[in-house]
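Visitor: What follows is a structure written as structure tokens; I'll ask about it next.
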Amino acid sequence: MKVSIFNTMSRSIEQFEPLSADTVRMYCCGPTVYNFAHIGNLRTYVFEDILRKTLEYAGYRVEHVMNVTDVGHLTDDADDGIDKMVKSSQEMGKDVYEIARFYTDAFFKDIDELNIARPTVTCHATEHIGDMIELIKRLEKNGHTYFAGGNVYFSIDTFPQYGNLAKLNLEDLRSGARINVDPNKRNPKDFVLWFTNSKFERQAMLWDSPWGIGYPGWHIECSAMSMKYLGESFDIHCGGIDHIPVHHTNEIAQSEAATGKQWVSYWVHGEFLINDTGKMSKSKGSFLTLQLLKEKGFDPVDYRYFCLGGHYRSQLQFSWDSMQSARNARLNLFQRIVSLRKETKDQNIKNLGAAEKYVQLFENHMAQDMNAPRALAELWSMLKDPELAATEKLAGALRMDSILSLGLKNISIDTDEDEIPQEILDLVEERRIAKVQKNYARADQLRAIVEKAGYQLKDTPENSIVVRICNQMHK
RNA sequence: GGUGCCGUACCCAAGUGGUAAGGGACAGGUCUGCAAAACCUCUAUGCACCGGUUCGAAUCCGGUCGGCACCUCCA
């Protein structure tokens with residue numbers, strides 16, 4: 001299986017070829033842990049997981065590195081504002097490291113619940129300050145930095161390819177630059193590598209460095225850590241689309257200026273999740289978390305399914321209606337798997353047989369820039385094809401799920417018949433008698449009572465089955 | 001103001017020149033005392049609008065209207 005992927009650098013779909021034959025080295029920008037991740041953030045991690053699993057499906061071993069930014073980033077401009085970590089710690093009255101720990105744990109809980117594979121390496125910025133300092137020293141030696149107003153800056157004029165990724169037109173940008181530019185900058189697009197002097201109200205995290213006590217600029221961690229774990233040149237770097245113009249642009253500049261080599265081969269970016277107010281952000285008051293979805297009765301996997309319904313490079317419109325339809329779809333899908341399991345009990349489900357052609361189509365769609373919506377459609381077509389045997393459908397579905405990761409292999413046929421209270425069973429028995437006596441008015445009345453108690457009755461030719469209504473959504 | 005993306009059925013959403021995937025919802029059917037569940041079937045001669053290129057356009061070109069994103073921390 002040959003994988004093709006859209007490379008932001010060339011703005012075109014390219015055939016993927018890793019630097020080394022069978023290993024893919026991939027770096028993903030991780031969370032800044034001063035708050036909970038919202039479902040828009042989470043969409044990006046779902047997409048990265050799909051990318052990783054598609055590559056693994058194609059036979060590659062994937063070294064997947066993700067950073068956790070536990071050093072403060074600034075609230076607004078790179079020269080002003082309150083450190084986000086400090087701000088959050090002030091609000092919660094906790095130590096900055098406690099805050100980072102708390103939100104890091106919350107983040108990985110979300111990741112796990114979404115069936116996103118953990119990175120092979122997770123690296124924390126605060127544990128790599130030394131690596132960042134070494135990188136800045138290297139840049140200094142190569143003449144790409146200058147010291148002004150207490151801070152070390154990267155000079156973009158020493159790096160002619162600056163802005164290639166974002167296709168930035170530097171002339172235009174310069175003329176349209178904001179008013180409050182840091183007067184120490186030689187070029188408005190220069191950025192800080194190391195701060196010893198900032199306008200922070202309070203700075204909780206400080207480290208010693210050749211330039212004085214301070215803290216690193218916010219782009220340097222990704223360069224330093226990715227090169228530490230993946231080498232000076234690696235295959236894939238991904239993140240949200242918003243990182244193209246500033247963060248990734250600056251990362252490229254400082255990385256390649258330091259090594260003199262091409263840093264990353266493929267840049268892969270995921271689009272935003274949008275709701276009726278536009279981009280999801282806390283300031284707009286539309287900060288939806290996975291926790292909130294759960295409180296509303298959704299399973300985290302419903303959200304994963306929802307994400308798979310749209311292509312990763314298209315904006316995806318979130319609404320509660322869409323979320324509901326994703327849940328229904330997922331429930332229907334699970335129901336089909338349960339039926340197949342029952343039908344194929346004790347049978348060998350290893351062979352794809354006639355499901356092969358659907359798996360083939362599925363692979364093609366995933367291999368062609370990860371067209372998950374198309375791939376999902378193949379899953380449905382396969383399940384609905386009357387020509388296929390149940391074992392073949394099940395084998396095909398499980399194969400596809402190695403990328404989709406909806407948890408199909410964990411679905412058991414023991415439909416959790418957890419204890420139904422005796423009083424409910426008594427009502428059911430009373431209804432059975434009423435039915436035998438053809439007292440249907442009484443039977444309907446009893447069913448209404450049972451339903452009100454949260455149970456649903458399903459009459460079959462033999463007997464009546466009772467299920468807890470709210471249990472169904474979680475299976 | 002500058003740059004880019006998008007506008008497909010009731011909703012979400014694929015589809016970049018060859019005659020509109022898929023899911024949800026709705027409706028109908030089988031089944032049922034009636035339901036529920038399950039299963040089956042159906043839903044765009046048309047892809048914002050206008051004009052053009054072409055044997056052929058949702059797909060290419062021009063224009064109009066509308067939406068979104070980026071240019072500033074942001075997945």
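Convention: chains lettered A, B, ... in structure tokens order; per-chain residue numbering from 1; ligands numbered from 1 as shown.
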Enumerate as a PDB file with C-alpha atoms (C1' of nucleotides), in the first residue's frame the residues belonging to chain B that approach chain A to within 12 Å, with only C-alpha atoms (C1' of nucleotides) taken into account.
Guide:
```
ATOM      1  C1'   G B   1      -7.554  46.652   4.233  1.00  0.00           C
ATOM      2  C1'   G B   2      -4.512  42.189   2.441  1.00  0.00           C
ATOM      3  C1'   U B   3      -4.401  36.684   1.613  1.00  0.00           C
ATOM      4  C1'   G B   4      -6.686  31.974   1.248  1.00  0.00           C
ATOM      5  C1'   C B   5     -10.742  28.442   1.556  1.00  0.00           C
ATOM      6  C1'   C B   6     -15.763  27.255   0.943  1.00  0.00           C
ATOM      7  C1'   C B  10     -34.312  18.477   5.934  1.00  0.00           C
ATOM      8  C1'   C B  11     -29.136  18.082   8.676  1.00  0.00           C
ATOM      9  C1'   C B  12     -23.815  16.480   8.471  1.00  0.00           C
ATOM     10  C1'   A B  13     -20.740  15.279   4.405  1.00  0.00           C
ATOM     11  C1'   A B  14     -17.669  12.795   0.018  1.00  0.00           C
ATOM     12  C1'   G B  15     -16.984  13.787  -4.933  1.00  0.00           C
ATOM     13  C1'   A B  21     -20.631   8.139  -2.025  1.00  0.00           C
ATOM     14  C1'   G B  22     -22.030   7.475   2.923  1.00  0.00           C
ATOM     15  C1'   G B  23     -24.426   8.584   7.596  1.00  0.00           C
ATOM     16  C1'   G B  24     -28.503  10.803  10.341  1.00  0.00           C
ATOM     17  C1'   A B  25     -33.554  12.369  10.138  1.00  0.00           C
ATOM     18  C1'   C B  31     -42.990  -8.329  11.447  1.00  0.00           C
ATOM     19  C1'   U B  32     -46.532  -7.195  15.666  1.00  0.00           C
ATOM     20  C1'   G B  33     -52.811  -7.361  19.340  1.00  0.00           C
ATOM     21  C1'   C B  34     -50.588  -2.399  19.027  1.00  0.00           C
ATOM     22  C1'   A B  35     -45.787  -0.801  19.599  1.00  0.00           C
ATOM     23  C1'   A B  36     -40.536  -1.120  20.148  1.00  0.00           C
ATOM     24  C1'   A B  37     -36.305  -3.427  18.076  1.00  0.00           C
ATOM     25  C1'   A B  38     -34.509  -5.529  13.670  1.00  0.00           C
ATOM     26  C1'   C B  39     -34.324  -5.846   8.479  1.00  0.00           C
ATOM     27  C1'   C B  40     -35.684  -3.926   3.502  1.00  0.00           C
ATOM     28  C1'   G B  67     -20.173  32.073   4.800  1.00  0.00           C
ATOM     29  C1'   C B  68     -15.468  30.927   7.142  1.00  0.00           C
ATOM     30  C1'   A B  69     -10.320  31.143   8.236  1.00  0.00           C
ATOM     31  C1'   C B  70      -5.586  33.577   8.434  1.00  0.00           C
ATOM     32  C1'   C B  71      -2.754  38.265   8.635  1.00  0.00           C
ATOM     33  C1'   U B  72      -2.186  38.504  16.414  1.00  0.00           C
ATOM     34  C1'   C B  73      -1.742  33.575  21.350  1.00  0.00           C
ATOM     35  C1'   C B  74      -4.700  29.713  19.208  1.00  0.00           C
ATOM     36  C1'   A B  75      -5.635  22.587  17.102  1.00  0.00           C
TER      37        A B  75
END
```
Visitor: Select from region 31-238 of chain A everything DSSP, run on the backbone, classes as alpha helix (DSSP H), then give the selection as a PyMOL selection string.
Guide: chain A and resi 39-57+84-92+96-113+129-141+170-175+220-230
Visitor: Output as a PyMOL selection string all residues of region 87-322 of chain A that backbone DSSP marks as strand (DSSP E or B).
Guide: chain A and resi 121-124+145-148+151-154+191-195+207+214-216+234-240+264-270+273-275+278-279+316-317
Visitor: With distances taken over only C-alpha atoms, which residue among A:Pro183, A:Gly93, A:Gly163, A:Gly297 lies nearest Gly149 (chain A)?
Guide: A:Pro183
Visitor: Just want the 10 Å neighbourhood of Glu98 (chain A), counted on only C-alpha atoms (C1' of nucleotides), with same-chain residues fewer than 5 positions away dropped. Output as a ChimeraX atom specification.
Guide: /A:89,103-104
Visitor: Extract, using only C-alpha atoms (C1' of nucleotides), all DNA, RNA and protein residues at most 12 Å from Lys342 (chain A), discarding same-chain residues fewer than 2 positions from it, and format them as a count of residues only.
Guide: 18
Visitor: Any idea what's packed within 9 Å of Asn364 (chain A), counting only C-alpha atoms (C1' of nucleotides), ignoring anything in its chain fewer than 5 positions away? Could you give it as a list in words?
Guide: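 With the cut-off at 9 Å, the set is Met1, Lys2, Val3, Val359, Met370, Asn371 and Ala375 of chain A.
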Visitor: Please indicate the distance in Å from CA of Lys87 (chain A) to CA of Leu206 (chain A), rounded to one decimal place.
Guide: 15.7 Å
Visitor: Quick one: residues within 7 Å of region 135-144 of chain A, only C-alpha atoms (C1' of nucleotides), excluding same-chain residues fewer than 3 positions away - as a list in words?
Guide: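 The residues satisfying every condition are Asp131, Met132, Phe154, Ser155, Thr158, Leu193, Ala224, Ala257 and Ala258 of chain A.
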Visitor: Hey, can you spit out that residue selection with N, CA and C atoms as an mmCIF file, in the first residue's frame?
Guide:
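Saved result, again.cif, follows:
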```
data_model
loop_
_atom_site.group_PDB
_atom_site.id
_atom_site.type_symbol
_atom_site.label_atom_id
_atom_site.label_comp_id
_atom_site.auth_asym_id
_atom_site.auth_seq_id
_atom_site.Cartn_x
_atom_site.Cartn_y
_atom_site.Cartn_z
ATOM 1 N N ASP A 131 18.453 21.409 26.134
ATOM 2 C CA ASP A 131 18.521 21.163 24.692
ATOM 3 C C ASP A 131 18.190 22.434 23.914
ATOM 4 N N MET A 132 17.252 23.193 24.456
ATOM 5 C CA MET A 132 16.885 24.441 23.772
ATOM 6 C C MET A 132 18.038 25.437 23.812
ATOM 7 N N PHE A 154 15.819 35.826 17.000
ATOM 8 C CA PHE A 154 16.211 35.184 15.755
ATOM 9 C C PHE A 154 16.010 36.223 14.669
ATOM 10 N N SER A 155 17.019 36.392 13.839
ATOM 11 C CA SER A 155 16.926 37.370 12.756
ATOM 12 C C SER A 155 16.484 36.679 11.471
ATOM 13 N N THR A 158 18.454 36.623 8.118
ATOM 14 C CA THR A 158 19.611 35.746 7.893
ATOM 15 C C THR A 158 19.165 34.411 7.305
ATOM 16 N N LEU A 193 14.109 34.008 21.041
ATOM 17 C CA LEU A 193 14.568 32.643 21.325
ATOM 18 C C LEU A 193 14.728 32.437 22.826
ATOM 19 N N ALA A 224 13.991 21.878 19.203
ATOM 20 C CA ALA A 224 14.981 21.188 20.037
ATOM 21 C C ALA A 224 14.562 19.744 20.326
ATOM 22 N N ALA A 257 18.278 26.878 10.024
ATOM 23 C CA ALA A 257 19.400 27.809 10.174
ATOM 24 C C ALA A 257 20.475 27.162 11.052
ATOM 25 N N ALA A 258 20.036 26.349 11.981
ATOM 26 C CA ALA A 258 20.998 25.699 12.889
ATOM 27 C C ALA A 258 21.735 24.559 12.211
#
```
Visitor: Any idea what the distance is between CA of Leu404 (chain A) and CA of Lys384 (chain A)?
Guide: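 It comes out at 18.4 Å.
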Visitor: For CA of Tyr215 (chain A) and CA of Cys238 (chain A), determine how far apart the two atoms are, in Å to one decimal place.
Guide: 25.0 Å
Visitor: Go through A:Val301, A:Ala106, A:Val428, A:Leu361 one by one, measure the shortest atom-to-atom distance of each to Met400 (chain A) using only C-alpha atoms, and give the residue with the smallest value.
Guide: A:Leu361
Visitor: So that I can check the surroundings of G17 (chain B), please list as a ChimeraX atom specification every protein, DNA and RNA residue that reaches within 12 Å of it, counting only C-alpha atoms (C1' of nucleotides) and ignoring chain neighbours fewer than 3 positions away.
Guide: /B:53-60
Visitor: Based on the selection just made, write C-alpha atoms (C1' of nucleotides) of those residues as a CSV table (one decimal), in the first residue's frame.
Guide:
```
chain,number,residue,atom,x,y,z
B,53,U,C1',-15.2,27.1,-22.4
B,54,U,C1',-16.3,21.9,-23.9
B,55,C,C1',-19.2,16.5,-27.4
B,56,G,C1',-19.8,16.6,-22.1
B,57,A,C1',-19.1,20.9,-16.0
B,58,A,C1',-20.9,20.2,-9.0
B,59,U,C1',-16.0,19.8,-11.1
B,60,C,C1',-12.4,24.6,-15.7
```
